[in-house]
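Only one structure is covered here, and it is reproduced in the block below.
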Amino acid sequence: MKTFGPWLTSPWRRSALAALAGALPVPAFPAPALWWWAWFALVPWLLLVRSAPTGKRAAYDGWCGGFGFMLAMHLWLLPFLHVFIFLLAALLGALWAPWGWLVRRFLGGVPSRGRAAAALAVLPSGWLAVELVRSWQALGGPWGVLGSSQWQVEPALRLASVGGVWLLSFLVVAVNVAVAVLVAVPAHRLPAVAGLAATAAAASAAWVWSPRPDGTGRVARIAVVQPGVIDGPDRRFDREEQLTRKLAGQDVDLVVWGESSVGYDLDGRPDLARRLAELSRATGADILVNVDARRSNVPGIYKSSLLIGPDGPTGDRYDKMRLVPFGEYIPARSLLGWASSVGKAAGEDRRRGSRQVVMDAGRGLRIGPMVCFETAFPDMSRHLAGDGADVLVAQSSTSTFQESWAPAQHASLGALRAAETGRPFVHATLTGVSAVYDANGRPVGSWLGTDASSTAVHEVPLADGVTPYTRFGDWTAHAALLVLGAAVVREGTGAVRRRRKAPAPPAPPARTVRESPVRPGR
């Protein structure tokens with residue numbers, strides 16, 4: 001870091017450099033999708049933090065780097081939240097402050113070989129703990145998890161079937177730490193090279209031994225209807241209806257419309273329900289629509305996935321459970337409600353559903369619906385697969401962010417959810433990007449881009465079997481927390497031992513009491 005000496009002496013310049021270093025991993029995600037860059041992008045940030053003169057400064061470097069990462073990852077929200085996005089990035093970036101302290105603790109100065117080796121487990125575990133905390137829905141959910149940058153790498157998808165996206169994040173950070181050790185502490189090449197070899201061995205083992213989804217021999221013909229950018233719920237419905245009629249005679253098993261594809265409650269608009277039923281009869285398939293409207297029988301606005309058959313709504317309904325902060329509700333509205341006057345935050349909070357649902361779409365096809373950014377949560381798709389879903393179906397709309405990286409980032413998540421669960425994944429949107437993946441996470445057909453107003457029929461191979469991730473869940477995250485706990489205990493006991501071995505301070509010199517002489521006659 002000698003090259004940046006003049007910069008590093010100024011706290012403000014150092015903070016700016018940390019923010020830039022924190023933003024470096026973002027091109028690994030779509031739309032650039034430079035997946036290989038993720039395996040090296042953290043190295044400048046690690047080198048900067050390890051050079052911090054104090055633990056407090058290292059924590060600041062972690063905070064500033066986290067701010068840079070969150071801001072760059074969510075920059076497409078700027079037109080939506082305006083200046084509020086900077087506040088959110090600063091708040092969420094603070095989660096990386098303890099990680100910054102850990103980096104300096106394990107890599108600062110000239111670490112011992114044992115401490116450098118421990119860093120290969122502790123620092124990825126610390127990063128994973130940050131991702132777990134920020135994955136809480138109220139903090140924005142797991143958008144931009146580092147492992148999700150590997151969505152197009154087949155060996156990485158195999159690893160995801162074993163330990164989910166969390167295992168990918170752990171290994172990506174571990175490789176970055178190993179490279180940083182090679183650069184900064186070349187004397188400790190052995191543990192760094194061992195870490196790189198362990199990552200390669202884990203990928204190879206997953207490729208060879210992890211169970212692959214068992215093909216059933218069945219193929220479901222699933223149609224995606226993407227109307228494109230159309231203003232007004234009536235005009236949008238008309239376009240969706242027009243596109244769906246073109247599917248007649250194509251022997252489809254299921255038709256999927258995007259999020260908010262129907263802007264009226266069907267109980268209050270029986271004419272729309274009849275038109276949808278007629279479309280189902282014409283295509284010979286059930287239609288999964290998404291209603292974004294105030295209900296006539298209960299208070300509040302819901303986003304609901306409804307299955308429509310030839311006789312109308314089948315009764316299967318899934319109400320969206322995890323809402324987008326600020327987009328669909330404002331957390332602590334009494335405190336943060338002013339955000340709706342600054343940007344395009346929700347003027348009224350949507351209502352939440354209470355449970356996930358697996359629907360019978362006919363012809364023996366069971367589907368597990370999700371809505372919008374629920375696809376970022378690995379546990380939701382895992383539960384649907386465990387409940388017997390043959391196909392995971394996501395209904396989404398990113399029209400507000402049409403010209404940004406958001407649509408491609410959203411579509412890429414389907415590959416990871418498919419690989420994790422061993423179930424094919426259908427991502428249907430109003431305005432693109434729509435995509436379909438097989439049970440291994442490989443694309444089925446081409447994406448429908450943001451400029452398309454069309455339909456696409458995909459032949460989706462169905463699969464059986466249970467992946468290790470579906471069976472064992474977030475074991476990688478639990479193991480990371482155990483590693484962190486062990487590191488904390490070791491640091492604590494080490495501090496106690498050092499305190500006990502420290503020599504006792506010298507006793508103060510004894511004060512001599514001088515007797516006053518006794519005067520004669522007294």
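Each chain of the structure tokens is named A, B, ... in the order shown, its residues numbered from 1; ligands are numbered from 1 in display order.
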What's around range 11-28 of chain A at 9 Å? Count only C-alpha atoms, leave out sequence neighbours fewer than 3 positions away in its own chain, and write the answer as an NGL selection string. :A and (6-8 or 31-46 or 48-49 or 57 or 60-73 or 144 or 146 or 149-150)
Env of Pro98 in chain A: 10 Å cut, atoms = only C-alpha atoms, seq-sep filter 5 positions within chain, self excluded. Answer as JSON, numbers by chain. {"A": [55, 56, 58, 59, 60, 62, 63, 103, 126, 127, 130]}
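Proximity ranking of A:Glu278, A:Glu154, A:Glu259, A:Asp316 relative to Asp292 in chain A places A:Glu259 first, based on only C-alpha atoms.
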In Å to one decimal, how far is CA of Val252 in chain A from CA of Gly309 in chain A? 13.3 Å
Selection near range 380-391 of chain A, 6 Å with only C-alpha atoms, sequence-local residues under 2 positions removed, as a CSV table (one decimal) with N, CA, C and O atoms, in the first residue's frame:
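The result, stored in out.csv:
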chain,number,residue,atom,x,y,z
A,366,ARG,N,-47.4,-29.6,-10.3
A,366,ARG,CA,-47.5,-28.9,-9.1
A,366,ARG,C,-46.5,-27.7,-9.1
A,366,ARG,O,-45.3,-27.9,-9.4
A,367,ILE,N,-46.9,-26.5,-8.9
A,367,ILE,CA,-46.1,-25.3,-9.0
A,367,ILE,C,-46.0,-24.6,-7.7
A,367,ILE,O,-46.9,-24.6,-6.9
A,368,GLY,N,-44.9,-24.0,-7.4
A,368,GLY,CA,-44.6,-23.2,-6.2
A,368,GLY,C,-44.4,-21.7,-6.6
A,368,GLY,O,-43.4,-21.4,-7.1
A,377,PHE,N,-34.6,-14.9,-1.7
A,377,PHE,CA,-34.5,-15.6,-0.5
A,377,PHE,C,-34.4,-17.1,-0.7
A,377,PHE,O,-35.4,-17.7,-1.1
A,378,PRO,N,-33.3,-17.7,-0.5
A,378,PRO,CA,-33.1,-19.1,-0.7
A,378,PRO,C,-34.1,-20.0,0.0
A,378,PRO,O,-34.5,-21.1,-0.5
A,421,THR,N,-32.3,-26.2,-5.4
A,421,THR,CA,-33.4,-27.1,-5.0
A,421,THR,C,-33.5,-28.3,-6.0
A,421,THR,O,-34.3,-29.2,-5.6
A,423,ARG,N,-35.0,-28.1,-8.9
A,423,ARG,CA,-36.2,-27.9,-9.5
A,423,ARG,C,-36.1,-26.8,-10.6
A,423,ARG,O,-35.5,-25.8,-10.4
A,424,PRO,N,-36.8,-27.0,-11.7
A,424,PRO,CA,-36.8,-26.0,-12.8
A,424,PRO,C,-37.4,-24.7,-12.2
A,424,PRO,O,-38.3,-24.7,-11.3
A,425,PHE,N,-37.0,-23.6,-12.8
A,425,PHE,CA,-37.4,-22.3,-12.3
A,425,PHE,C,-37.9,-21.4,-13.5
A,425,PHE,O,-37.2,-21.3,-14.5
A,470,THR,N,-31.5,-28.7,-0.1
A,470,THR,CA,-32.9,-28.8,0.3
A,470,THR,C,-33.0,-29.6,1.6
A,470,THR,O,-33.9,-29.3,2.5
Could you go through range 201-274 of chain A and tell me which residues DSSP, when run on the backbone, assigns to strand (DSSP E or B), listing them as a PyMOL selection string? chain A and resi 214-226+254-256+262
Next, write the just-selected residues to a file, as a PDB file, in the first residue's frame, keeping C-alpha atoms as the atom set.
ATOM      1  CA  ASP A 214     -33.155 -37.241 -11.354  1.00  0.00           C
ATOM      2  CA  GLY A 215     -34.974 -36.626 -14.609  1.00  0.00           C
ATOM      3  CA  THR A 216     -38.526 -37.946 -14.580  1.00  0.00           C
ATOM      4  CA  GLY A 217     -38.777 -38.133 -18.337  1.00  0.00           C
ATOM      5  CA  ARG A 218     -41.671 -35.676 -18.199  1.00  0.00           C
ATOM      6  CA  VAL A 219     -41.519 -32.339 -19.959  1.00  0.00           C
ATOM      7  CA  ALA A 220     -43.835 -29.447 -19.129  1.00  0.00           C
ATOM      8  CA  ARG A 221     -44.587 -26.929 -21.847  1.00  0.00           C
ATOM      9  CA  ILE A 222     -44.755 -23.613 -20.000  1.00  0.00           C
ATOM     10  CA  ALA A 223     -45.583 -20.320 -21.692  1.00  0.00           C
ATOM     11  CA  VAL A 224     -44.432 -16.934 -20.421  1.00  0.00           C
ATOM     12  CA  VAL A 225     -46.477 -13.852 -21.377  1.00  0.00           C
ATOM     13  CA  GLN A 226     -44.545 -10.551 -21.311  1.00  0.00           C
ATOM     14  CA  LEU A 254     -49.264 -23.729 -17.989  1.00  0.00           C
ATOM     15  CA  VAL A 255     -49.395 -20.027 -18.890  1.00  0.00           C
ATOM     16  CA  VAL A 256     -47.661 -17.553 -16.582  1.00  0.00           C
ATOM     17  CA  VAL A 262     -54.145  -7.850 -13.241  1.00  0.00           C
TER      18      VAL A 262
END
Select, from A:Gly432, A:Pro310, A:Gly228, A:Gly473, the residue with the minimum atom-to-atom distance to Glu420 in chain A, counting only C-alpha atoms. A:Gly473
